[in-house]
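Undergrad: Structure file target_23.pdb, PDB, C-alpha atoms, is pasted below:
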ATOM      1  CA  MET A 186    -111.756 -91.768-134.921
ATOM      2  CA  THR A 187    -110.132 -90.871-138.210
ATOM      3  CA  SER A 188    -106.376 -90.652-138.616
ATOM      4  CA  GLY A 189    -104.795 -87.572-140.204
ATOM      5  CA  ALA A 190    -105.745 -87.147-143.851
ATOM      6  CA  TRP A 191    -107.067 -90.703-143.981
ATOM      7  CA  THR A 192    -110.806 -91.201-143.700
ATOM      8  CA  GLU A 193    -110.841 -94.756-142.391
ATOM      9  CA  LEU A 194    -111.719 -95.363-138.756
ATOM     10  CA  THR A 195    -108.964 -96.287-136.325
ATOM     11  CA  ALA A 196    -109.043 -97.960-132.925
ATOM     12  CA  GLY A 197    -106.595 -96.412-130.505
ATOM     13  CA  SER A 198    -105.911 -94.613-127.259
ATOM     14  CA  PRO A 199    -103.496 -91.868-126.177
ATOM     15  CA  PHE A 200    -100.333 -93.559-124.941
ATOM     16  CA  ALA A 201    -100.604 -91.704-121.617
ATOM     17  CA  TYR A 202    -103.112 -94.337-120.450
ATOM     18  CA  ALA A 203    -100.763 -97.225-121.209
ATOM     19  CA  ARG A 204     -97.827 -95.345-119.713
ATOM     20  CA  ALA A 205     -99.726 -94.818-116.438
ATOM     21  CA  VAL A 206    -100.584 -98.532-116.250
ATOM     22  CA  GLN A 207     -97.012 -99.524-117.060
ATOM     23  CA  ALA A 208     -95.681 -97.133-114.403
ATOM     24  CA  ALA A 209     -97.675 -99.202-111.890
ATOM     25  CA  ASP A 210     -95.804-102.313-113.100
ATOM     26  CA  ALA A 211     -98.800-103.693-114.965
ATOM     27  CA  ARG A 212     -99.566-104.507-118.595
ATOM     28  CA  ALA A 213    -101.964-102.394-120.641
ATOM     29  CA  GLU A 214    -104.074-103.985-123.371
ATOM     30  CA  LEU A 215    -106.339-102.135-125.788
ATOM     31  CA  LEU A 216    -109.893-103.481-125.974
ATOM     32  CA  VAL A 217    -111.293-102.833-129.428
ATOM     33  CA  PRO A 218    -115.069-102.259-129.588
ATOM     34  CA  ASP A 219    -116.701-105.380-130.944
ATOM     35  CA  GLU A 220    -120.317-106.296-131.613
ATOM     36  CA  VAL A 221    -119.956-109.787-130.127
ATOM     37  CA  ASP A 222    -118.357-108.476-126.936
ATOM     38  CA  ALA A 223    -120.992-105.759-126.708
ATOM     39  CA  ARG A 224    -123.643-108.500-126.627
ATOM     40  CA  THR A 225    -121.745-110.944-124.402
ATOM     41  CA  PRO A 226    -118.859-109.189-122.598
ATOM     42  CA  ASP A 227    -118.181-111.844-119.953
ATOM     43  CA  GLY A 228    -115.636-113.756-122.023
ATOM     44  CA  LEU A 229    -113.587-110.630-122.615
ATOM     45  CA  LEU A 230    -113.725-109.647-118.948
ATOM     46  CA  ALA A 231    -112.377-113.050-117.956
ATOM     47  CA  ARG A 232    -109.107-112.141-119.707
ATOM     48  CA  ILE A 233    -108.400-108.905-117.807
ATOM     49  CA  ASP A 234    -107.762-107.952-114.180
ATOM     50  CA  ALA A 235    -109.118-104.381-114.227
ATOM     51  CA  LEU A 236    -110.790-101.988-116.619
ATOM     52  CA  VAL A 237    -109.924 -98.397-117.555
ATOM     53  CA  VAL A 238    -112.608 -96.610-119.564
ATOM     54  CA  SER A 239    -110.789 -93.790-121.278
ATOM     55  CA  GLY A 240    -111.669 -90.260-122.259
ATOM     56  CA  GLY A 241    -111.351 -89.012-125.805
ATOM     57  CA  ALA A 242    -113.177 -86.978-128.392
ATOM     58  CA  GLY A 243    -116.912 -87.481-128.672
ATOM     59  CA  ASP A 244    -119.811 -87.826-126.274
ATOM     60  CA  VAL A 245    -122.121 -90.587-125.105
ATOM     61  CA  ASP A 246    -125.191 -90.561-127.342
ATOM     62  CA  PRO A 247    -127.972 -89.083-125.150
ATOM     63  CA  ALA A 248    -130.361 -91.679-126.575
ATOM     64  CA  HIS A 249    -128.725 -94.026-124.041
ATOM     65  CA  TYR A 250    -130.216 -91.951-121.219
ATOM     66  CA  GLY A 251    -133.466 -90.986-122.923
ATOM     67  CA  GLU A 252    -132.750 -87.425-124.026
ATOM     68  CA  ALA A 253    -132.606 -85.499-127.278
ATOM     69  CA  ARG A 254    -129.216 -84.448-128.586
ATOM     70  CA  HIS A 255    -127.890 -80.992-127.698
ATOM     71  CA  PRO A 256    -126.385 -79.115-130.696
ATOM     72  CA  ARG A 257    -122.932 -79.292-129.072
ATOM     73  CA  THR A 258    -123.127 -83.027-128.358
ATOM     74  CA  VAL A 259    -120.918 -85.000-130.741
ATOM     75  CA  PRO A 260    -121.600 -88.761-130.596
ATOM     76  CA  VAL A 261    -118.886 -91.305-131.326
ATOM     77  CA  GLU A 262    -119.283 -94.413-133.457
ATOM     78  CA  ALA A 263    -122.341 -96.198-132.072
ATOM     79  CA  ILE A 264    -120.429 -99.430-131.402
ATOM     80  CA  ARG A 265    -118.120 -97.653-128.950
ATOM     81  CA  ASP A 266    -121.069 -96.591-126.799
ATOM     82  CA  ARG A 267    -122.683-100.033-126.890
ATOM     83  CA  PHE A 268    -119.391-101.785-126.153
ATOM     84  CA  GLU A 269    -118.319 -99.512-123.308
ATOM     85  CA  LEU A 270    -121.723 -99.471-121.618
ATOM     86  CA  ALA A 271    -121.983-103.251-121.842
ATOM     87  CA  ILE A 272    -118.490-103.959-120.547
ATOM     88  CA  VAL A 273    -118.851-101.478-117.673
ATOM     89  CA  ARG A 274    -122.163-103.006-116.590
ATOM     90  CA  ALA A 275    -120.666-106.490-116.738
ATOM     91  CA  ALA A 276    -117.495-105.444-114.893
ATOM     92  CA  VAL A 277    -119.487-103.746-112.147
ATOM     93  CA  GLY A 278    -121.671-106.825-111.857
ATOM     94  CA  THR A 279    -118.694-109.110-111.284
ATOM     95  CA  GLY A 280    -116.771-106.759-108.999
ATOM     96  CA  LEU A 281    -113.909-106.253-111.452
ATOM     97  CA  PRO A 282    -112.023-103.029-110.559
ATOM     98  CA  VAL A 283    -113.182-100.204-112.850
ATOM     99  CA  LEU A 284    -111.778 -96.718-113.405
ATOM    100  CA  GLY A 285    -113.626 -94.307-115.688
ATOM    101  CA  ILE A 286    -111.680 -91.233-116.801
ATOM    102  CA  CYS A 287    -113.423 -88.121-118.203
ATOM    103  CA  ARG A 288    -115.796 -89.575-120.816
ATOM    104  CA  GLY A 289    -115.240 -92.872-119.000
ATOM    105  CA  MET A 290    -116.754 -91.404-115.828
ATOM    106  CA  GLN A 291    -119.735 -90.312-117.892
ATOM    107  CA  VAL A 292    -120.033 -93.843-119.304
ATOM    108  CA  LEU A 293    -119.998 -95.257-115.757
ATOM    109  CA  ASN A 294    -122.797 -92.903-114.739
ATOM    110  CA  VAL A 295    -124.945 -93.718-117.795
ATOM    111  CA  ALA A 296    -124.250 -97.455-117.408
ATOM    112  CA  CYS A 297    -125.760 -97.218-113.911
ATOM    113  CA  GLY A 298    -128.848 -95.361-115.172
ATOM    114  CA  GLY A 299    -127.704 -91.768-114.698
ATOM    115  CA  THR A 300    -127.963 -88.790-117.033
ATOM    116  CA  LEU A 301    -125.533 -86.144-118.256
ATOM    117  CA  GLU A 302    -125.428 -82.376-118.523
ATOM    118  CA  GLN A 303    -124.770 -82.141-122.248
ATOM    119  CA  HIS A 304    -123.035 -78.740-122.383
ATOM    120  CA  LEU A 305    -121.761 -77.344-119.106
ATOM    121  CA  PRO A 306    -121.186 -73.774-120.361
ATOM    122  CA  ASP A 307    -124.975 -73.466-120.785
ATOM    123  CA  LEU A 308    -125.366 -74.249-117.097
ATOM    124  CA  LEU A 309    -122.283 -72.529-115.676
ATOM    125  CA  GLY A 310    -121.820 -69.530-117.926
ATOM    126  CA  HIS A 311    -118.129 -70.365-118.428
ATOM    127  CA  ASP A 312    -115.957 -72.998-120.072
ATOM    128  CA  GLY A 313    -113.349 -73.279-117.330
ATOM    129  CA  HIS A 314    -113.344 -77.072-117.538
ATOM    130  CA  THR A 315    -112.030 -76.958-121.107
ATOM    131  CA  GLY A 316    -108.646 -75.499-121.983
ATOM    132  CA  PRO A 317    -107.594 -73.987-125.305
ATOM    133  CA  PRO A 318    -107.379 -76.466-128.193
ATOM    134  CA  GLY A 319    -104.727 -79.029-127.381
ATOM    135  CA  GLN A 320    -104.301 -77.861-123.779
ATOM    136  CA  TYR A 321    -105.850 -79.025-120.519
ATOM    137  CA  ALA A 322    -107.572 -76.675-118.113
ATOM    138  CA  GLN A 323    -106.102 -76.787-114.613
ATOM    139  CA  HIS A 324    -108.030 -76.402-111.382
ATOM    140  CA  ASP A 325    -108.464 -77.993-107.959
ATOM    141  CA  VAL A 326    -110.949 -80.608-106.797
ATOM    142  CA  ARG A 327    -112.238 -81.434-103.317
ATOM    143  CA  LEU A 328    -112.700 -85.087-102.352
ATOM    144  CA  GLU A 329    -114.939 -86.490 -99.627
ATOM    145  CA  ASP A 330    -113.222 -87.743 -96.493
ATOM    146  CA  GLY A 331    -113.158 -91.539 -96.304
ATOM    147  CA  SER A 332    -114.080 -92.015 -99.961
ATOM    148  CA  LEU A 333    -112.457 -94.290-102.508
ATOM    149  CA  ALA A 334    -111.521 -91.115-104.406
ATOM    150  CA  VAL A 335    -109.504 -89.868-101.425
ATOM    151  CA  ARG A 336    -107.788 -93.234-101.048
ATOM    152  CA  ALA A 337    -106.914 -93.287-104.744
ATOM    153  CA  VAL A 338    -105.670 -89.693-104.869
ATOM    154  CA  GLY A 339    -104.068 -89.686-101.441
ATOM    155  CA  ASP A 340    -105.444 -86.326-100.301
ATOM    156  CA  GLU A 341    -108.728 -84.472 -99.864
ATOM    157  CA  ARG A 342    -107.676 -81.792-102.333
ATOM    158  CA  ALA A 343    -105.833 -82.155-105.624
ATOM    159  CA  ALA A 344    -104.749 -80.030-108.577
ATOM    160  CA  VAL A 345    -106.035 -81.690-111.748
ATOM    161  CA  LYS A 346    -106.067 -81.395-115.523
ATOM    162  CA  SER A 347    -109.390 -81.448-117.323
ATOM    163  CA  TYR A 348    -110.848 -81.122-120.805
ATOM    164  CA  HIS A 349    -114.560 -81.766-120.996
ATOM    165  CA  HIS A 350    -117.822 -79.991-121.746
ATOM    166  CA  GLN A 351    -120.219 -82.511-120.200
ATOM    167  CA  GLY A 352    -120.807 -83.733-116.673
ATOM    168  CA  VAL A 353    -123.192 -85.527-114.336
ATOM    169  CA  ARG A 354    -126.777 -84.328-114.157
ATOM    170  CA  THR A 355    -128.408 -87.141-112.185
ATOM    171  CA  LEU A 356    -126.416 -89.916-110.551
ATOM    172  CA  GLY A 357    -126.923 -93.518-111.594
ATOM    173  CA  GLU A 358    -128.236 -96.142-109.211
ATOM    174  CA  GLY A 359    -125.852 -96.975-106.377
ATOM    175  CA  LEU A 360    -123.460 -94.147-107.219
ATOM    176  CA  ARG A 361    -122.447 -91.346-104.897
ATOM    177  CA  ALA A 362    -120.628 -88.124-105.696
ATOM    178  CA  THR A 363    -117.322 -87.888-103.832
ATOM    179  CA  GLY A 364    -115.362 -85.323-105.843
ATOM    180  CA  PHE A 365    -116.274 -81.721-106.611
ATOM    181  CA  SER A 366    -114.787 -78.896-108.653
ATOM    182  CA  LEU A 367    -113.339 -75.927-106.783
ATOM    183  CA  LEU A 368    -113.973 -73.581-109.717
ATOM    184  CA  ASP A 369    -116.855 -72.078-107.678
ATOM    185  CA  ASP A 370    -119.329 -74.209-109.598
ATOM    186  CA  GLY A 371    -119.490 -77.438-107.542
ATOM    187  CA  ILE A 372    -119.535 -79.675-110.620
ATOM    188  CA  VAL A 373    -119.258 -83.366-109.728
ATOM    189  CA  GLU A 374    -115.695 -84.481-110.480
ATOM    190  CA  GLY A 375    -115.701 -87.932-108.876
ATOM    191  CA  ILE A 376    -118.266 -90.707-108.509
ATOM    192  CA  GLU A 377    -118.077 -94.190-107.020
ATOM    193  CA  LEU A 378    -120.265 -97.203-106.427
ATOM    194  CA  ARG A 379    -121.185 -97.721-102.800
ATOM    195  CA  ASP A 380    -121.073-101.519-102.736
ATOM    196  CA  ARG A 381    -118.021-102.307-104.884
ATOM    197  CA  PRO A 382    -114.389-102.386-103.705
ATOM    198  CA  PHE A 383    -113.167-100.298-106.657
ATOM    199  CA  ALA A 384    -115.592 -98.679-109.103
ATOM    200  CA  LEU A 385    -114.471 -95.070-109.512
ATOM    201  CA  GLY A 386    -115.053 -92.338-112.051
ATOM    202  CA  VAL A 387    -113.023 -89.127-112.246
ATOM    203  CA  LEU A 388    -113.794 -86.282-114.624
ATOM    204  CA  TRP A 389    -110.178 -85.149-114.782
ATOM    205  CA  HIS A 390    -107.183 -86.812-116.471
ATOM    206  CA  PRO A 391    -104.873 -88.515-113.940
ATOM    207  CA  GLU A 392    -103.051 -90.337-116.721
ATOM    208  CA  GLU A 393    -101.600 -86.969-117.786
ATOM    209  CA  ASP A 394    -100.011 -86.352-114.383
ATOM    210  CA  ALA A 395     -96.922 -88.435-113.601
ATOM    211  CA  ARG A 396     -97.401 -87.675-109.883
ATOM    212  CA  SER A 397    -100.963 -89.025-109.782
ATOM    213  CA  ARG A 398    -101.475 -92.410-108.151
ATOM    214  CA  VAL A 399    -105.082 -92.904-109.316
ATOM    215  CA  VAL A 400    -104.250 -95.453-112.027
ATOM    216  CA  ALA A 401    -101.817 -97.184-109.646
ATOM    217  CA  ALA A 402    -104.661 -97.460-107.110
ATOM    218  CA  LEU A 403    -106.695 -99.355-109.721
ATOM    219  CA  VAL A 404    -103.773-101.713-110.320
ATOM    220  CA  ASP A 405    -103.402-102.255-106.565
ATOM    221  CA  ALA A 406    -107.107-103.118-106.336
ATOM    222  CA  ALA A 407    -106.704-105.673-109.124
ATOM    223  CA  ARG A 408    -103.772-107.284-107.352
ATOM    224  CA  GLU A 409    -105.684-107.460-104.074
ATOM    225  CA  ARG A 410    -108.678-109.029-105.818
ATOM    226  CA  ASN A 411    -106.483-111.612-107.512
ATOM    227  CA  ALA A 412    -104.709-112.420-104.256
ATOM    228  CA  VAL A 413    -108.044-113.050-102.514
ATOM    229  CA  GLY A 414    -109.192-115.231-105.418
ATOM    230  CA  ALA A 415    -105.999-117.274-105.288
ATOM    231  CA  SER A 416    -106.175-117.897-101.532
TER     232      SER A 416
END
Translate this structure into structure tokens?
TA:
Amino acid sequence: MTSGAWTELTAGSPFAYARAVQAADARAELLVPDEVDARTPDGLLARIDALVVSGGAGDVDPAHYGEARHPRTVPVEAIRDRFELAIVRAAVGTGLPVLGICRGMQVLNVACGGTLEQHLPDLLGHDGHTGPPGQYAQHDVRLEDGSLAVRAVGDERAAVKSYHHQGVRTLGEGLRATGFSLLDDGIVEGIELRDRPFALGVLWHPEEDARSRVVAALVDAARERNAVGAS
């Protein structure tokens, strides 16, 4: 991204992500997209206990799932896509706890071979998942009984904040949909891998809600994994 009037690229993340990790008594570290790590991510993964794939401006380049670009699709710097897809695939492969938020959920789906709906208003006829500039839309989601999403959220229904114009079209291999919008459109709001202890994607922004325990659930999963490894 660019920074203010400056034209140089910056590497950063909204502080809400770090604050949510810190609130769970854990340390947040920013992983900067890197060509070496995109090719061989295992060394980087060995230094962390869990992975949050954040949201943010820009979309996954549809070339990564074999489609032409919609006029409203705005790709990010190519290295971010390559880095995030590679590190998610590697993390999933090793069983490292993974949480994808908004764009991060979309990355998780594409990393597993899924595709995206590139502009939801074309499909839905409304833009209720995107608030006014600088504001989140607010709506409810329904979560499947017994799912990881329910365990992370703590209830089968939750009020959430969202700001996105893309969503899941086809699910990636091994993924199941466990969260759904209650905006009368049924859009997939949560996905998870069937055979991993904690690999969850949510289309909303739990880091923006101080009452949400979704990020804390990721931290708990990391602690449990480390405790098993140490025993």
Undergrad: Pick out the closest residue to Glu377 (chain A) from this set: A:Glu302, A:Val413, A:Thr355, A:Val283. Count all atoms listed in the file.
TA: A:Val283
Undergrad: Between CA of Glu374 (chain A) and CA of Thr279 (chain A), what is the distance, to one decimal in Å?
TA: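 Taking CA of Glu374 (chain A) and CA of Thr279 (chain A), their separation equals 24.8 Å.
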Undergrad: Got a sec: who's within 12 Å of Arg232 (chain A), counting only C-alpha atoms, leaving out chain neighbours fewer than 2 positions off, as a PyMOL selection string?
TA: chain A and resi 214+216+226-230+234-236+276+281
Undergrad: Could you list, as a list in words, every residue within 10 Å of Val353 (chain A), counting all atoms listed in the file and ignoring same-chain residues fewer than 4 positions away?
TA: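 These residues fall inside the cut-off: Met290, Gln291, Asn294, Val295, Gly299, Thr300, Leu301, Glu302, Gln303, Leu305, Gly357, Ala362, Ile372, Val373, Glu374, Gly375, Ile376 and Leu388 of chain A.
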Undergrad: What is the distance between CA of Phe268 (chain A) and CA of Thr225 (chain A), in Å to one decimal?
TA: 9.6 Å
Undergrad: Measuring between all atoms listed in the file, which one of A:Ser397, A:Ser239, A:Gln351, A:Gln323 shows the shortest distance to Gly197 (chain A)?
TA: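 Of all the options, A:Ser239 lies closest to Gly197 (chain A).
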Undergrad: Given the file above and the PyMOL selection byres ((chain A and resi 241) around 9), which residues are selected, and can you give them as a list in words?
TA: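 Applying the PyMOL selection byres ((chain A and resi 241) around 9) to the structure shown produces Ser198, Pro199, Ser239, Gly240, Ala242, Gly243, Asp244, Cys287, Arg288 and Gly289 of chain A.
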Undergrad: For Val292 (chain A), which residue among A:Val206, A:Val259, A:Ala201, A:Val245 is the nearest when counting all atoms listed in the file?
TA: A:Val245
Undergrad: Where does the PyMOL selection byres ((chain A and resi 359) around 7) land in this file, that is, which residues does it pick, as a PyMOL selection string?
TA: chain A and resi 357-358+360-361+378-379
Undergrad: Could you pull the residues within 9 Å of Pro247 (chain A), counting all atoms listed in the file, minus those fewer than 4 positions along the same chain, as a VMD selection string?
TA: chain A and resid 251 to 255 258 260 300 to 301 303
Undergrad: Can I get the selection written as an mmCIF file, in the coordinates of the input, with C-alpha atoms?
TA:
data_model
loop_
_atom_site.group_PDB
_atom_site.id
_atom_site.type_symbol
_atom_site.label_atom_id
_atom_site.label_comp_id
_atom_site.auth_asym_id
_atom_site.auth_seq_id
_atom_site.Cartn_x
_atom_site.Cartn_y
_atom_site.Cartn_z
ATOM 1 C CA GLY A 251 -133.466 -90.986 -122.923
ATOM 2 C CA GLU A 252 -132.750 -87.425 -124.026
ATOM 3 C CA ALA A 253 -132.606 -85.499 -127.278
ATOM 4 C CA ARG A 254 -129.216 -84.448 -128.586
ATOM 5 C CA HIS A 255 -127.890 -80.992 -127.698
ATOM 6 C CA THR A 258 -123.127 -83.027 -128.358
ATOM 7 C CA PRO A 260 -121.600 -88.761 -130.596
ATOM 8 C CA THR A 300 -127.963 -88.790 -117.033
ATOM 9 C CA LEU A 301 -125.533 -86.144 -118.256
ATOM 10 C CA GLN A 303 -124.770 -82.141 -122.248
#
Undergrad: Do you have the CA of His390 (chain A)-CA of Tyr348 (chain A) distance handy?
TA: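 We find that CA of His390 (chain A) and CA of Tyr348 (chain A) lie 8.0 Å from each other.
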Undergrad: Rank nothing, just name the residue among A:Ala344, A:Ala205, A:Ala407, A:Glu193 nearest to Ile233 (chain A), using all atoms listed in the file.
TA: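 Looking at the shortest contact to Ile233 (chain A), the residue is A:Ala407.
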Undergrad: Let me make sure I understand: among A:His350, A:Arg396, A:His304, A:Arg336, which one has the smallest atom-to-atom distance to Gly316 (chain A) if we use all atoms listed in the file?
TA: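 Smallest distance to Gly316 (chain A) is found for A:His350.
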Undergrad: Can you list, as an MDAnalysis selection string, every protein, DNA or RNA residue that comes within 7 Å of Ile264 (chain A) when you count all atoms listed in the file, leaving out same-chain residues fewer than 2 positions away?
TA: chainID A and resid 218 220 262 266:268
Undergrad: Which residue is closest to Pro306 (chain A)? Choose from A:Arg257, A:Asp340, A:Ala196, A:Arg381 and count only C-alpha atoms.
TA: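 Answer, going by the shortest atom-to-atom distance: A:Arg257.
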Undergrad: If the PyMOL selection byres ((chain A and resi 325-334) around 9) were run on this exact file, what residues would it hold? Put them as a ChimeraX atom specification.
TA: /A:323-324,335-346,362-368,374-377,382-387,399
Undergrad: Mind giving me the axis-aligned box for region 386-394 of chain A with 6 Å on every side, centre plus edges in Å to one decimal, as AutoDock Vina command-line options?
TA:
--center_x -107.5 --center_y -88.7 --center_z -114.9 --size_x 27.0 --size_y 19.2 --size_z 17.7
Undergrad: Could you pull the residues within 8 Å of region 209-213 of chain A, counting all atoms listed in the file, minus those fewer than 5 positions along the same chain, as a ChimeraX atom specification?
TA: /A:203,400-401,404
